[in-house]
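Data first, discussion second: the structure below is written as structure tokens.
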Amino acid sequence: DGGITQSPKYLFRKEGQNVTLSCEQNLNHDAMYWYRQDPGQGLRLIYYSQIVNDFQKGDIAEGYSVSREKKESFPLTVTSAQKNPTAFYLCASSAGTANYGYTFGSGTRLTVV
Amino acid sequence: AQSVSQHNHHVILSEAASLELGCNYSYGGTVNLFWYVQYPGQHLQLLLKYFSGDPLVKGIKGFEAEFIKSKFSFNLRKPSVQWSDTAEYFCAVIPDDNYGQNFVFGPGTRLSVLP
């Protein structure tokens, strides 16, 4: 079945450590997105990529970094510069532009202690 | 910048009650509108979407939504909810006139249906 795989589902890290969240899709979608979900705030866009080797900052990119070396993969690194990293992170993809609608992964819950 | 508001943070209903979740957006141009649902422990799924045409759109599981352009609203409705509708519901908007834009999501409404 085609879809988006995010791993791991739960992740714990010590404060000050960088951590990378995985997102892989086998839908042959061009565009991929990272969102952060916090209670009462909905989904906020961190980074997005519309083609390989290109990505753009979203609304809350500070403290995060991404890469898009392959069409299928869009890993997100939460750096030690991110002031409040504990959150639920969602990866999504779309066939063309976002107007087509998104397919979402199941998310990674990151807890920094 | 665009923004999306959802009227209620948490709605509690009994089974068979009717549901209406409010969604309003701020954007002066043409928009595409979506409702996504996130069932407990599952990923977000598309419930329905509006691009153009009939402003009353029907989605999966008996949900429908009505686009009222003059009110900048896209409210979600279901005549009779079931316990399995317990989930978080997100309204999302994307401008139709600039393909470089991305979704703006509302803060979500949590629906709890009591058996």
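Residue numbering restarts at 1 in every chain; chains get A, B, ... in the order shown in the structure tokens, and ligands count up from 1 in that same order.
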May I have the residues of chain B within 7 Å of chain A, counting only C-alpha atoms, written as a ChimeraX atom specification?
/B:42-44,94,99,102-103,105-108
Using only C-alpha atoms, which protein or nucleic acid residues come within 12 Å of stretch 58-66 of chain B? Drop anything in the same chain fewer than 2 positions from it, and give the result as a PyMOL selection string.
chain B and resi 18-24+33-37+45-56+68-82+84-85+89+91
Find the residue from B:Glu88, B:Gln6, B:Ala16, B:Gly41 that sits nearest to A:Arg109; use only C-alpha atoms when measuring.
B:Gly41
Using only C-alpha atoms, which protein or nucleic acid residues come within 12 Å of A:Val78? Drop anything in the same chain fewer than 5 positions from it, and give the result as a count of residues only.
31
All strand (DSSP E) positions in chain B, as a ChimeraX atom specification:
/B:3-6,10-14,19-21,23-26,31-38,45-50,56-58,64-68,73-78,87-95,104-105,109-114
Atom-to-atom span, atom CA of B:Val104 and atom CA of B:Tyr25, Å:
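Pair atom CA of B:Val104 / atom CA of B:Tyr25 returns 9.3 Å.
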Just how far from atom CA of B:Val57 is atom CA of B:Trp83, in Å to one decimal?
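Computing the Euclidean distance for atom CA of B:Trp83 and atom CA of B:Val57 yields 22.9 Å.
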Can you work out the spacing between atom CA of A:Gly3 and atom CA of B:Asn32 in Å, to one decimal?
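Between these atoms lies a distance of 23.6 Å.
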From the options B:Ile12, B:Leu111, B:Val31, B:Val4, which residue's atoms come nearest to B:Phe67, counting only C-alpha atoms?
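That would be B:Val31, the residue with the smallest distance to B:Phe67.
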List every residue of chain B that DSSP, applied to the backbone of this structure, assigns to helix (DSSP H, G or I), and report them as number ranges by chain.
B: 60-62, 69-71, 83-85
Tell me which protein, DNA and RNA residues are within 9 Å of A:Asn53, counting only C-alpha atoms, leaving out same-chain ones fewer than 2 positions away, and put them as a ChimeraX atom specification.
/A:49,51,55,67-71
Please produce a file of the residues just selected, as an mmCIF file, in the first residue's frame, where the atoms kept are N, CA and C atoms.
data_model
loop_
_atom_site.group_PDB
_atom_site.id
_atom_site.type_symbol
_atom_site.label_atom_id
_atom_site.label_comp_id
_atom_site.auth_asym_id
_atom_site.auth_seq_id
_atom_site.Cartn_x
_atom_site.Cartn_y
_atom_site.Cartn_z
ATOM 1 N N SER A 49 8.970 21.172 0.863
ATOM 2 C CA SER A 49 9.830 20.960 -0.294
ATOM 3 C C SER A 49 8.951 20.573 -1.475
ATOM 4 N N ILE A 51 10.326 20.124 -4.692
ATOM 5 C CA ILE A 51 11.106 19.256 -5.575
ATOM 6 C C ILE A 51 12.369 18.828 -4.840
ATOM 7 N N PHE A 55 14.032 23.276 -0.744
ATOM 8 C CA PHE A 55 13.059 23.345 0.336
ATOM 9 C C PHE A 55 12.933 24.799 0.791
ATOM 10 N N SER A 67 16.391 18.259 4.826
ATOM 11 C CA SER A 67 17.100 17.970 3.575
ATOM 12 C C SER A 67 16.137 17.229 2.668
ATOM 13 N N ARG A 68 16.388 17.308 1.354
ATOM 14 C CA ARG A 68 15.538 16.577 0.406
ATOM 15 C C ARG A 68 16.463 16.063 -0.709
ATOM 16 N N GLU A 69 17.235 15.050 -0.356
ATOM 17 C CA GLU A 69 18.180 14.469 -1.303
ATOM 18 C C GLU A 69 17.515 13.456 -2.225
ATOM 19 N N LYS A 70 16.405 12.891 -1.769
ATOM 20 C CA LYS A 70 15.653 11.924 -2.573
ATOM 21 C C LYS A 70 14.184 12.316 -2.576
ATOM 22 N N LYS A 71 13.494 11.968 -3.619
ATOM 23 C CA LYS A 71 12.080 12.308 -3.719
ATOM 24 C C LYS A 71 11.287 11.668 -2.599
#
